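Here's the structure, in C-alpha cells; my notes come after.
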Amino acid sequence: MRVGLAALALACGGVSASTAVAQTPPASSTVLGSAVSSTPVIDAVRERFSKTRSWFRLVETLSFARASDGHLTPTFATLSHPRIRVADGAGRTILPSFAPHFGGRMRLESGPTHLTRIEVEPIGARDVAATVEQGLVVYAGAYRDTDVLYKATPTHTDEYLFLRTERAPHRWRFKILRGAGAVRVRQAGNSIEIVDENGAAMMRATPPVAVDTEGHRVDGTIRLAGGDVIVVDLPVEGLTFPVLVDPDWASTGDMAYGRFYHQANVLPDGFVLITGGCSASVCSGDLSIPACRAVVQAAEVLSMETRTFARAAESASPRFFQVAESLVSGDVLVVGGCVNADCSETVWAPELFSAATRTFSAIPDTDGLPLAGLASVRLQDGRVLLAGGCTRAGCQPRVDVYDPTSGHIDPVAPMHFARGRAPAVLLGDGRVLVVGGCTDIDCTTPLGSAEVYDPVANTWTSTGPMATARAGHFATALSGGRAIVGGGCATQHCEAVLRSVELFDPSTMAFVATSSLQQPRVGPVALTLPDGTVLINQGCGAAARCDLTNELFDPLTSTFALVAPAVTPRAFQATVIHSAAHLVVSNGGCQPSTCSWWNETWDISSLVPIDGGTTTLDGGLPDAGRPDLGPRPHFDANSGCSCRVSEAPSGRTPWLWLGLFGALIARIRRRRR
C-alpha cells in the first residue's frame, strides 16, 4: 500500500556560528489574522496534494504578532482545532519567529520557558516578502521554481517546500547561529540534535521526506558541513513534478519516530533505551501485520531527568517484532525481527547495545534462523532464552540460549509446538512458561497451548490447555510462583477481543479461570509491581477502538480495578518499570489508523483504584486535553503518521481550557516531586 507524505520531525538545524543570536524583540500590538481567501500558492499545493487540506486546516485560525523588527510570531492562543497539542511529552514547546523576508533569519526557541534559542539563515535564497494566509506563513518564489510555506503549532514548525518543476533546487544549505541555551550541536546518525548545557537534546533534525503527484515517496539526507552550515539533500530522480518536501522543527519530549512492536529497556544510568519498531504506520487493529511506512533502525534514549529523547545509535538492521533483553551487566541483547514493512523479510542479526558506550556491536558466529516474534526471558543464571519465532511462511519450535559469559548463542532443546508472538514468563522456581501465540507472523491461527522449559534439565513439558486460544495477550509472573495470562484474541481478525483471564499454577501445570478484566484488551502490557499487584496497561477493546484505561490486579482478592488512565489510546506499546525513579514508563504503541510517538509515566505509589479523586498521570498533555473517540476524516500532521487519526468529540476546544489542563498537570508534577 502506498502512503502519502508523513510530517516527520525535521529540524533544519546545525552547528553554532560565532555570531550570537539576538534576543527576540518584543512584539508590537499589531496582529495579523488569516486571510479569508487563499493565495495561488496555497491553492496549487492543495490541488496537487489533497492531504494538505487537512494539514493546513489545523492552523486556519492562527494569528501572528509583528515584532518591531518585522518578525512574525504566532499567537498560539488563537488556535482552536481539537487536535492541537499544547506541549510535547516533556511539557516543552517550539516558538518560531519568521523573518519578514525569506533571506532573513528565522528564530526558534525551545524549552519550558524558551531558553534554548537558535537562528536559521537560508543560503542562496531569494529575499521575498512573507505573507500570512489562512494561518500559514508563505514565501512565494523563495527559491527558483519553489515556494516555501510554514505551519506552526506549539510542538512543531512544519516547513513545506513546493517544488513546481524539475528546475527547482534539491539541495538546500542553512547557516545556524547558536543563542542562549544552545550549547552544542551534534550529528546523531542520520539526524542532528541541538543540546543544552545539561547535554539534553532540545531540538532535533531528521532527513527530509518528499512525495510527488503520483504518490512516490523519497527520503533525503541531512549533514553538518563547514562548521556552521548544514546541507539538506533530496534525490529527485524518477519523481514526477511538482514535488512537496516536508521537513519540520520539533522539540524532543516525544520520540523522533512513532513506534510500535518496539522494545524498551532501562539502562544502569537510568536512561530508557528504545529500539526498533514500525513507524508512521497504519495499525491493523487486529493480529495481522499492519501497513508500516518505515521500519526503524535508529535507537533512542529517554532521560528521566529531562523527559527528553536523544538519538543513541544505529542498530545493525531496521527491525520490528524483535526481542531486547537486559543483561546482568546492563547491556541489552537485541535479536531477530522483521526488516521490511510487510515482514516478508526477517533477520537473526544478534547484537549487543553497550550501556557504557551507547553503541551496537554484532555477536559473531551464530547460526540462528532469521525469525521475528521470538519469546525471550532472562534466566536466573543470567543467560537469555530465545524461543520460537516466525517468518511469513510459518513459525518454528527452535530454541536458543545466549550466554553472556562466552558471548555465544547456542541451540537447546526445541519446544513441542512451533509458535511465535508468544510471551515468556520466568516462574519463581527458575523455569519458563511460554504461552499461546501464533502459527505464523500474521497470526492466522492463535494457539491455546503452553509449555514450560526447565533450564537445568534442558527439557520442555506441555501444560494443560488454556480455556481459549490467545494471541496479542498479556502474561506475567505473580509472587508465590504462579503466572497470570489474559486478554488477547482467539482469532486473527479479533472479531471478539477477550476479557477473560487465567492463572497458571506450576505445581499442577494447569490453568484456572479468575476474574475478568474491566475492559477487553488486545495488545496490552502487564507488569508485576513491587507490592505484588499487576498493572494491565491499555490495549484495544475492538478492532476500531483502543483504550485509555489501565487496570490493577490484586492477587490476594483476584479482582481487577481501574486506575489512572492514559492521555492517548494505544496498544502494542512498550511499558517498563523504572525502579530507580519509582515510575512506570510507557511509550509508543498504535491504535486503529494511527501510531504514537510520545511518552507517559505513572508514579508506582499512586497506582491505586480510582475512587472519584484526581488521577496522578504524569505524561505530557493530550491532544485537546481529552481522548480520541472515533474516526477523523483527515490527517494529523503533528502525529508523524502517514495515516488517518482518531477523532476527538465534535466542537472546538477553547485554548483557555487547554491552559487550565496544562496547569493541572504541572501542579501534579510539582506535588509529586
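Quick note on naming: the chains in the C-alpha cells go A, B, ... in the order shown, residues restart at 1 in each chain, and ligands are numbered from 1 in order of appearance.
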field: Within 6 Å of Val432 (chain A) using only C-alpha atoms, minus same-chain residues under 4 positions, as an NGL selection string
entry: :A and (425-427 or 452-453)
Selection to disk with C-alpha atoms, as an mmCIF file, in the first residue's frame:
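Resulting contents of part_9.cif:
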data_model
loop_
_atom_site.group_PDB
_atom_site.id
_atom_site.type_symbol
_atom_site.label_atom_id
_atom_site.label_comp_id
_atom_site.auth_asym_id
_atom_site.auth_seq_id
_atom_site.Cartn_x
_atom_site.Cartn_y
_atom_site.Cartn_z
ATOM 1 C CA VAL A 425 7.323 -15.700 31.849
ATOM 2 C CA LEU A 426 10.112 -16.524 34.305
ATOM 3 C CA LEU A 427 8.479 -18.536 37.072
ATOM 4 C CA VAL A 452 7.351 -24.961 30.393
ATOM 5 C CA TYR A 453 11.134 -25.033 29.937
#
- Message: For region 89-95 of chain A, find every residue with an atom within 8 Å (counting only C-alpha atoms), except residues of its own chain fewer than 3 positions away, and show them as an MDAnalysis selection string.
- Response: chainID A and resid 73:74 86 108:112 114 153:157 249:254 306:308 598:600 619:621
- Query: Got a sec: who's within 12 Å of Ala496 (chain A), counting only C-alpha atoms, leaving out chain neighbours fewer than 2 positions off, as a list in words?
  - Reply: Gly285, Asp286, Leu287, Arg470, Gly487, Gly488, Cys489, Ala490, Thr491, Gln492, His493, Cys494, Leu498, Arg499, Ser500, Pro520, Arg521, Val522, Cys540, Gly541, Ala542, Ala543 and Ala544 of chain A
Restricting the output to C-alpha atoms, write the selected residues as a CSV table (one decimal), in the first residue's frame.
chain,number,residue,atom,x,y,z
A,285,GLY,CA,-6.3,-3.1,14.8
A,286,ASP,CA,-6.1,-6.9,15.0
A,287,LEU,CA,-3.4,-9.5,14.9
A,470,ARG,CA,-4.8,-16.4,22.8
A,487,GLY,CA,-6.9,-10.7,27.1
A,488,GLY,CA,-5.8,-11.0,23.5
A,489,CYS,CA,-7.8,-12.5,20.7
A,490,ALA,CA,-8.8,-16.1,19.7
A,491,THR,CA,-8.9,-15.3,16.0
A,492,GLN,CA,-6.7,-13.3,13.7
A,493,HIS,CA,-9.1,-10.5,13.0
A,494,CYS,CA,-10.2,-10.1,16.6
A,498,LEU,CA,-11.1,-11.2,25.2
A,499,ARG,CA,-11.8,-10.0,28.8
A,500,SER,CA,-11.1,-13.4,30.3
A,520,PRO,CA,-11.5,-6.4,26.8
A,521,ARG,CA,-7.9,-5.8,25.7
A,522,VAL,CA,-5.6,-6.9,22.8
A,540,CYS,CA,-7.5,-2.2,22.2
A,541,GLY,CA,-11.0,-3.3,23.1
A,542,ALA,CA,-12.1,-3.8,19.5
A,543,ALA,CA,-10.5,-3.6,16.0
A,544,ALA,CA,-11.7,0.1,15.7
request  = Could you check how far CA of His170 (chain A) sits from CA of Val138 (chain A), in Å to one decimal?
outcome  =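 Separation between CA of His170 (chain A) and CA of Val138 (chain A): 19.3 Å.
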Could you please write out, as a ChimeraX atom specification, every residue of region 77-234 of chain A that DSSP assigns to strand (DSSP E or B)? /A:93-98,101,106-111,116-123,129,131-133,136-143,146-152,156-163,171-178,184-187,192-195,201-205,209-212,217-219,221-225,229-233
